[in-house]
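K.L.:
For reference, this is start08.csv, and it has CSV, C-alpha atoms.
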chain,number,residue,atom,x,y,z
G,154,MET,CA,9.1,-2.2,-16.2
G,155,ALA,CA,8.7,-3.9,-12.8
G,156,ARG,CA,8.3,-7.7,-13.3
G,157,GLY,CA,4.6,-8.5,-13.2
G,158,TRP,CA,3.6,-4.9,-14.1
G,159,PRO,CA,1.1,-3.7,-15.3
G,160,ALA,CA,-1.5,-5.9,-13.6
G,161,THR,CA,-5.3,-5.9,-13.0
G,162,LEU,CA,-6.6,-8.1,-10.2
G,163,SER,CA,-10.0,-8.6,-8.6
G,164,ASP,CA,-12.0,-10.5,-6.1
G,165,GLY,CA,-15.7,-9.9,-6.1
G,166,LEU,CA,-16.4,-6.2,-6.0
G,167,VAL,CA,-12.9,-5.3,-5.0
G,168,GLY,CA,-10.2,-4.7,-7.6
G,169,VAL,CA,-6.8,-3.2,-8.2
G,170,ARG,CA,-5.5,-1.8,-11.5
G,171,PRO,CA,-2.7,0.5,-12.6
G,172,LEU,CA,-3.2,4.2,-11.7
G,173,VAL,CA,-3.7,6.2,-14.9
G,174,ARG,CA,-3.9,9.9,-15.8
G,175,ARG,CA,-7.6,9.8,-16.3
G,176,ASP,CA,-8.0,9.0,-12.6
G,177,ALA,CA,-6.9,12.6,-11.9
G,178,SER,CA,-10.3,14.1,-11.1
G,179,THR,CA,-11.4,11.1,-9.0
G,180,TRP,CA,-8.1,11.0,-7.1
G,181,ALA,CA,-8.3,14.8,-6.4
G,182,ARG,CA,-11.9,14.4,-5.1
G,183,LEU,CA,-11.2,11.5,-2.9
G,184,ARG,CA,-8.1,13.2,-1.4
G,185,SER,CA,-10.1,16.4,-0.8
G,186,GLU,CA,-13.1,14.6,0.7
G,187,ASN,CA,-10.9,12.5,3.0
G,188,ALA,CA,-8.1,15.0,3.8
G,189,ASP,CA,-8.8,14.9,7.6
G,190,TRP,CA,-9.0,11.1,7.4
G,191,LEU,CA,-5.7,10.6,5.6
G,192,VAL,CA,-3.3,13.5,6.6
G,193,GLN,CA,-2.5,12.2,10.0
G,194,TRP,CA,-0.9,9.0,8.5
G,195,GLU,CA,0.8,10.3,5.4
G,196,ALA,CA,4.5,11.1,4.9
G,197,THR,CA,5.7,14.7,4.6
G,198,LEU,CA,9.0,16.2,3.6
G,199,PRO,CA,11.4,17.5,6.3
G,200,ARG,CA,12.7,21.0,5.9
G,201,GLY,CA,15.3,21.2,3.1
G,202,GLU,CA,14.1,18.2,1.2
G,203,GLY,CA,12.2,20.1,-1.4
G,204,ASN,CA,8.4,20.3,-2.0
G,205,ALA,CA,5.9,17.4,-2.2
G,206,PRO,CA,4.1,17.1,-5.5
G,207,GLU,CA,1.1,19.4,-5.4
G,208,SER,CA,-0.9,17.7,-8.2
G,209,TYR,CA,-2.1,14.2,-9.2
G,210,GLY,CA,-0.2,14.7,-12.5
G,211,ALA,CA,3.1,15.2,-10.8
G,212,THR,CA,2.4,12.3,-8.4
G,213,ILE,CA,1.4,9.9,-11.1
G,214,ALA,CA,4.3,10.9,-13.3
G,215,THR,CA,6.7,10.0,-10.5
G,216,LEU,CA,5.0,6.7,-9.8
G,217,ARG,CA,4.9,5.8,-13.5
G,218,ARG,CA,8.6,6.5,-13.9
G,219,ARG,CA,9.4,4.3,-10.9
G,220,ALA,CA,7.2,1.5,-12.4
G,221,ARG,CA,9.1,1.8,-15.7
G,222,GLU,CA,12.4,1.6,-13.7
G,223,GLY,CA,11.1,-1.5,-11.9
G,224,SER,CA,11.0,-0.1,-8.4
G,225,ALA,CA,7.2,0.5,-7.9
G,226,MET,CA,3.7,-0.6,-8.7
G,227,PRO,CA,1.0,2.1,-8.2
G,228,PHE,CA,-2.4,0.5,-8.0
G,229,ALA,CA,-5.8,2.2,-7.9
G,230,VAL,CA,-8.2,0.3,-5.5
G,231,THR,CA,-11.7,-0.1,-6.9
G,232,TRP,CA,-15.1,-1.0,-5.6
G,233,ALA,CA,-17.6,-2.2,-8.2
G,234,GLY,CA,-15.3,-0.5,-10.8
G,235,ASP,CA,-15.1,2.9,-9.1
G,236,MET,CA,-11.8,4.1,-7.6
G,237,VAL,CA,-12.0,4.3,-3.8
G,238,GLY,CA,-8.3,4.2,-2.8
G,239,GLN,CA,-4.7,3.3,-3.6
G,240,VAL,CA,-2.2,0.6,-2.9
G,241,THR,CA,1.4,1.5,-3.7
G,242,VAL,CA,4.2,-1.0,-3.9
G,243,SER,CA,7.6,0.8,-3.5
G,244,GLY,CA,11.2,0.0,-3.0
G,245,ILE,CA,11.1,-3.2,-5.1
G,246,THR,CA,14.5,-4.8,-4.6
G,247,ARG,CA,15.6,-7.7,-6.6
G,248,GLY,CA,18.8,-9.8,-6.5
G,249,SER,CA,19.5,-11.4,-3.2
G,250,ALA,CA,16.8,-9.5,-1.3
G,251,LEU,CA,13.5,-9.9,-3.4
G,252,TRP,CA,11.4,-7.6,-1.2
G,253,ALA,CA,9.2,-4.5,-1.4
G,254,SER,CA,7.1,-2.4,0.9
G,255,ILE,CA,3.4,-1.6,0.6
G,256,GLY,CA,1.4,1.5,1.6
G,257,TYR,CA,-2.3,1.9,1.2
G,258,TRP,CA,-5.3,4.2,1.8
G,259,VAL,CA,-9.0,4.0,1.2
G,260,ALA,CA,-11.8,6.5,1.3
G,261,ARG,CA,-13.6,6.7,4.7
G,262,SER,CA,-16.9,5.9,2.9
G,263,HIS,CA,-15.5,2.4,2.1
G,264,ALA,CA,-13.6,1.7,5.3
G,265,GLY,CA,-14.9,-1.3,7.3
G,266,ARG,CA,-16.1,-3.2,4.2
G,267,GLY,CA,-13.0,-5.4,3.8
G,268,VAL,CA,-11.9,-3.4,0.8
G,269,THR,CA,-8.4,-2.7,2.0
G,270,PRO,CA,-7.5,-6.2,3.3
G,271,THR,CA,-8.8,-7.7,0.1
G,272,ALA,CA,-6.9,-5.2,-2.1
G,273,VAL,CA,-3.6,-5.7,-0.2
G,274,ALA,CA,-4.1,-9.5,-0.3
G,275,LEU,CA,-4.5,-9.4,-4.0
G,276,VAL,CA,-1.3,-7.3,-4.4
G,277,CYS,CA,0.6,-9.5,-2.0
G,278,ASP,CA,-0.3,-12.7,-3.9
G,279,HIS,CA,0.7,-11.0,-7.2
G,280,LEU,CA,4.1,-10.0,-5.7
G,281,PHE,CA,4.8,-13.5,-4.4
G,282,THR,CA,3.8,-15.2,-7.7
G,283,LYS,CA,4.1,-13.0,-10.8
G,284,ALA,CA,6.7,-10.6,-9.4
G,285,GLY,CA,8.7,-13.4,-7.7
G,286,LEU,CA,9.3,-11.5,-4.5
G,287,HIS,CA,10.1,-13.3,-1.2
G,288,ARG,CA,9.3,-10.7,1.5
G,289,ILE,CA,6.8,-7.9,1.8
G,290,GLU,CA,7.1,-5.2,4.5
G,291,ILE,CA,4.4,-2.8,5.9
G,292,SER,CA,5.2,0.0,8.4
G,293,ILE,CA,2.4,1.4,10.5
G,294,ARG,CA,2.2,4.2,13.1
G,295,PRO,CA,1.2,2.6,16.5
G,296,GLU,CA,-1.8,4.9,16.7
G,297,ASN,CA,-3.3,3.7,13.3
G,298,ALA,CA,-5.7,1.1,14.5
G,299,ALA,CA,-7.5,0.7,11.2
G,300,SER,CA,-4.2,-0.1,9.4
G,301,LEU,CA,-3.1,-2.4,12.2
G,302,ARG,CA,-6.3,-4.4,11.7
G,303,VAL,CA,-5.3,-5.0,8.0
G,304,VAL,CA,-2.0,-6.6,8.8
G,305,GLU,CA,-3.6,-8.6,11.6
G,306,LYS,CA,-6.2,-10.0,9.2
G,307,LEU,CA,-3.6,-10.9,6.6
G,308,GLY,CA,-1.2,-12.6,9.1
G,309,PHE,CA,1.8,-10.2,8.8
G,310,GLU,CA,4.3,-10.8,11.6
G,311,GLU,CA,5.5,-7.9,13.7
G,312,PHE,CA,9.3,-7.8,13.8
G,313,GLY,CA,10.2,-4.6,15.5
G,314,LEU,CA,9.7,-0.9,16.2
G,315,ALA,CA,11.5,1.7,14.2
G,316,PRO,CA,11.8,4.9,16.2
G,317,ARG,CA,11.3,8.2,14.3
G,318,TYR,CA,11.0,6.1,11.1
G,319,LEU,CA,9.1,8.5,8.8
G,320,HIS,CA,8.4,12.2,8.7
G,321,ILE,CA,4.6,12.6,9.0
G,322,ALA,CA,2.6,15.7,9.7
G,323,GLY,CA,5.7,17.7,10.4
G,324,GLU,CA,7.4,15.3,12.9
G,325,TRP,CA,9.5,12.2,12.9
G,326,ARG,CA,7.1,9.3,13.8
G,327,ASP,CA,7.7,5.9,15.3
G,328,HIS,CA,6.4,2.9,13.2
G,329,ARG,CA,5.7,-0.7,14.0
G,330,MET,CA,7.2,-3.0,11.4
G,331,PHE,CA,5.5,-6.0,9.9
G,332,GLN,CA,6.6,-8.6,7.3
G,333,LEU,CA,5.2,-11.5,5.4
G,334,LEU,CA,7.4,-14.1,3.7
G,335,GLN,CA,6.3,-16.1,0.6
G,336,GLU,CA,6.8,-19.4,2.5
G,337,ASP,CA,4.4,-18.1,5.3
G,338,VAL,CA,1.5,-18.3,2.9
G,339,PRO,CA,1.8,-21.4,0.6
G,340,HIS,CA,-1.9,-21.2,-0.2
G,341,GLY,CA,-1.9,-17.5,-0.8
G,342,VAL,CA,-2.7,-14.3,1.2
G,343,LEU,CA,-6.3,-14.0,-0.2
G,344,ALA,CA,-7.0,-17.6,0.8
G,345,ARG,CA,-5.7,-16.9,4.3
G,346,LEU,CA,-7.9,-13.9,4.6
G,347,ARG,CA,-10.9,-15.9,3.5
G,348,GLY,CA,-10.0,-18.8,5.8
G,349,ASP,CA,-9.8,-21.1,2.7
G,350,GLY,CA,-6.5,-22.7,3.6
G,351,PRO,CA,-4.1,-23.3,6.5
G,352,ALA,CA,-2.6,-20.2,8.0
G,353,THR,CA,0.9,-21.7,7.8
Rewrite the coordinates I just gave you, this time as structure tokens.
P.N.:
Amino acid sequence: MARGWPATLSDGLVGVRPLVRRDASTWARLRSENADWLVQWEATLPRGEGNAPESYGATIATLRRRAREGSAMPFAVTWAGDMVGQVTVSGITRGSALWASIGYWVARSHAGRGVTPTAVALVCDHLFTKAGLHRIEISIRPENAASLRVVEKLGFEEFGLAPRYLHIAGEWRDHRMFQLLQEDVPHGVLARLRGDGPAT
């Protein structure tokens, strides 16, 4: 299992917990209701790379296997106990690197309530403390204003542009690259978001 996994974290009405099989119907409903909201930002497979999982069962089976192998942490994002999105930690690398990347989405009905920044902050703090990571990376398409606001609020530092970084909606798309280091947030990411401690 990934170090620090499984984990359930919360701050007020916002929480994150492991994705489980019984989330299937809620996950499918959220994905269906928010298809036009999400599809423009989500990775696709280039020709010749097989087929993407078509069901929640296949998706969660892959994520759970990666969690057992120590390379991922698939979290459901909750609001007042109800699932409203997902934060996925992937590419967990230990040894001399100690880093991982984070991806996230939230239902349009809960956008603008601070759910995503809080959920990502909770996960970042967990990765820096319980999982013992040093660096967290988030890649974002330049057109994704909502996601860019999340990294801005959390104090991620932009370190470059990756041309044609990921295959999304049938094309290779540029991404802006952001990182946060453990020493950047000695008081924690959630504290920084709240303004409870120094930013550096």
K.L.:
Give as a PDB file with C-alpha atoms, in the frame of the given file each residue that has an atom at most 10 Å from (-2.1, 8.1, 9.9) in the file, counting all atoms listed in the file.
P.N.:
ATOM      1  CA  ASP G 189      -8.800  14.900   7.600  1.00  0.00           C
ATOM      2  CA  TRP G 190      -9.000  11.100   7.400  1.00  0.00           C
ATOM      3  CA  LEU G 191      -5.700  10.600   5.600  1.00  0.00           C
ATOM      4  CA  VAL G 192      -3.300  13.500   6.600  1.00  0.00           C
ATOM      5  CA  GLN G 193      -2.500  12.200  10.000  1.00  0.00           C
ATOM      6  CA  TRP G 194      -0.900   9.000   8.500  1.00  0.00           C
ATOM      7  CA  GLU G 195       0.800  10.300   5.400  1.00  0.00           C
ATOM      8  CA  ALA G 196       4.500  11.100   4.900  1.00  0.00           C
ATOM      9  CA  TRP G 258      -5.300   4.200   1.800  1.00  0.00           C
ATOM     10  CA  ILE G 293       2.400   1.400  10.500  1.00  0.00           C
ATOM     11  CA  ARG G 294       2.200   4.200  13.100  1.00  0.00           C
ATOM     12  CA  PRO G 295       1.200   2.600  16.500  1.00  0.00           C
ATOM     13  CA  GLU G 296      -1.800   4.900  16.700  1.00  0.00           C
ATOM     14  CA  ASN G 297      -3.300   3.700  13.300  1.00  0.00           C
ATOM     15  CA  ALA G 298      -5.700   1.100  14.500  1.00  0.00           C
ATOM     16  CA  ALA G 299      -7.500   0.700  11.200  1.00  0.00           C
ATOM     17  CA  SER G 300      -4.200  -0.100   9.400  1.00  0.00           C
ATOM     18  CA  ILE G 321       4.600  12.600   9.000  1.00  0.00           C
ATOM     19  CA  ALA G 322       2.600  15.700   9.700  1.00  0.00           C
TER      20      ALA G 322
END
K.L.:
So that I can check the surroundings of stretch 303-314 of chain G, please list as a compact mmCIF listing (two decimals) with C-alpha atoms, keeping the file's coordinate frame every protein, DNA and RNA residue that reaches within 10 Å of it, counting only C-alpha atoms and ignoring chain neighbours fewer than 3 positions away.
P.N.:
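Once everything was written out, this is part.txt:
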# COMPACT_ATOMS: atom_id res chain seq x y z
CA GLY G 267 -13.00 -5.40 3.80
CA VAL G 268 -11.90 -3.40 0.80
CA THR G 269 -8.40 -2.70 2.00
CA PRO G 270 -7.50 -6.20 3.30
CA THR G 271 -8.80 -7.70 0.10
CA VAL G 273 -3.60 -5.70 -0.20
CA ALA G 274 -4.10 -9.50 -0.30
CA CYS G 277 0.60 -9.50 -2.00
CA ILE G 289 6.80 -7.90 1.80
CA GLU G 290 7.10 -5.20 4.50
CA ILE G 291 4.40 -2.80 5.90
CA SER G 292 5.20 0.00 8.40
CA ILE G 293 2.40 1.40 10.50
CA ARG G 294 2.20 4.20 13.10
CA PRO G 295 1.20 2.60 16.50
CA ALA G 298 -5.70 1.10 14.50
CA ALA G 299 -7.50 0.70 11.20
CA SER G 300 -4.20 -0.10 9.40
CA ARG G 317 11.30 8.20 14.30
CA TYR G 318 11.00 6.10 11.10
CA ASP G 327 7.70 5.90 15.30
CA HIS G 328 6.40 2.90 13.20
CA ARG G 329 5.70 -0.70 14.00
CA MET G 330 7.20 -3.00 11.40
CA PHE G 331 5.50 -6.00 9.90
CA GLN G 332 6.60 -8.60 7.30
CA LEU G 333 5.20 -11.50 5.40
CA LEU G 334 7.40 -14.10 3.70
CA ASP G 337 4.40 -18.10 5.30
CA VAL G 338 1.50 -18.30 2.90
CA VAL G 342 -2.70 -14.30 1.20
CA LEU G 343 -6.30 -14.00 -0.20
CA ALA G 344 -7.00 -17.60 0.80
CA ARG G 345 -5.70 -16.90 4.30
CA LEU G 346 -7.90 -13.90 4.60
CA ARG G 347 -10.90 -15.90 3.50
CA ALA G 352 -2.60 -20.20 8.00
CA THR G 353 0.90 -21.70 7.80
K.L.:
Return the single residue from G:Gly238, G:Gly223, G:Gly323, G:Gly201 that is closest to G:Val167, with distances computed using all atoms listed in the file.
P.N.:
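Closest to G:Val167 of all the choices is G:Gly238.
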K.L.:
For G:Leu183, find every residue with an atom within 12 Å (counting all atoms listed in the file), except residues of its own chain fewer than 2 positions away, and show them as number ranges by chain.
P.N.:
G: 176-181, 185-191, 209, 229-230, 235-239, 258-263
K.L.:
Restricting the output to C-alpha atoms, write the selected residues as a short mmCIF file (atom, residue, chain, number, x, y, z; two decimals), in the coordinates of the input.
P.N.:
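For reference, out14.cif as written:
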data_model
loop_
_atom_site.label_atom_id
_atom_site.label_comp_id
_atom_site.auth_asym_id
_atom_site.auth_seq_id
_atom_site.Cartn_x
_atom_site.Cartn_y
_atom_site.Cartn_z
CA ASP G 176 -8.00 9.00 -12.60
CA ALA G 177 -6.90 12.60 -11.90
CA SER G 178 -10.30 14.10 -11.10
CA THR G 179 -11.40 11.10 -9.00
CA TRP G 180 -8.10 11.00 -7.10
CA ALA G 181 -8.30 14.80 -6.40
CA SER G 185 -10.10 16.40 -0.80
CA GLU G 186 -13.10 14.60 0.70
CA ASN G 187 -10.90 12.50 3.00
CA ALA G 188 -8.10 15.00 3.80
CA ASP G 189 -8.80 14.90 7.60
CA TRP G 190 -9.00 11.10 7.40
CA LEU G 191 -5.70 10.60 5.60
CA TYR G 209 -2.10 14.20 -9.20
CA ALA G 229 -5.80 2.20 -7.90
CA VAL G 230 -8.20 0.30 -5.50
CA ASP G 235 -15.10 2.90 -9.10
CA MET G 236 -11.80 4.10 -7.60
CA VAL G 237 -12.00 4.30 -3.80
CA GLY G 238 -8.30 4.20 -2.80
CA GLN G 239 -4.70 3.30 -3.60
CA TRP G 258 -5.30 4.20 1.80
CA VAL G 259 -9.00 4.00 1.20
CA ALA G 260 -11.80 6.50 1.30
CA ARG G 261 -13.60 6.70 4.70
CA SER G 262 -16.90 5.90 2.90
CA HIS G 263 -15.50 2.40 2.10
#
K.L.:
Taking only C-alpha atoms into account, which of G:Val240, G:Leu216, G:Ala315, G:Met226 comes nearest G:Ala272?
P.N.:
G:Val240
K.L.:
Just the number, please: distance in Å from atom CA of G:Val169 to atom CA of G:Trp232, one decimal.
P.N.:
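Between these atoms lies a distance of 9.0 Å.
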K.L.:
Between atom CA of G:Leu172 and atom CA of G:Ser249, what distance in Å does the model show, to one decimal?
P.N.:
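Answer for the atom CA of G:Leu172 to atom CA of G:Ser249 separation: 28.8 Å.
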K.L.:
Please determine the residues with any atom at most 6 Å from (9.5, 16.8, 7.2) (coordinates as given in the file, with all atoms listed in the file counting) and report them as a list in words.
P.N.:
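Residues with an atom at most 6 Å from (9.5, 16.8, 7.2): Thr197, Leu198, Pro199, Arg200, His320 and Gly323 of chain G.
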K.L.:
Which residue is closest to G:Ala253? Choose from G:Gly285, G:Gly265, G:Gly348, G:Gly234 and count only C-alpha atoms.
P.N.:
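Of G:Gly285, G:Gly265, G:Gly348, G:Gly234, the one nearest G:Ala253, counting only C-alpha atoms, is G:Gly285.
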K.L.:
State, in Å with one decimal place, the distance from atom CA of G:Ala160 to atom CA of G:Arg184.
P.N.:
23.6 Å
K.L.:
Assuming 8 Å of padding per side, give the centre and edge lengths of the axis-aligned box around every listed atom of stretch 258-271 of chain G, in Å to one decimal and as JSON.
P.N.:
{"center_x": -11.1, "center_y": -0.5, "center_z": 3.7, "size_x": 27.6, "size_y": 30.4, "size_z": 23.2}
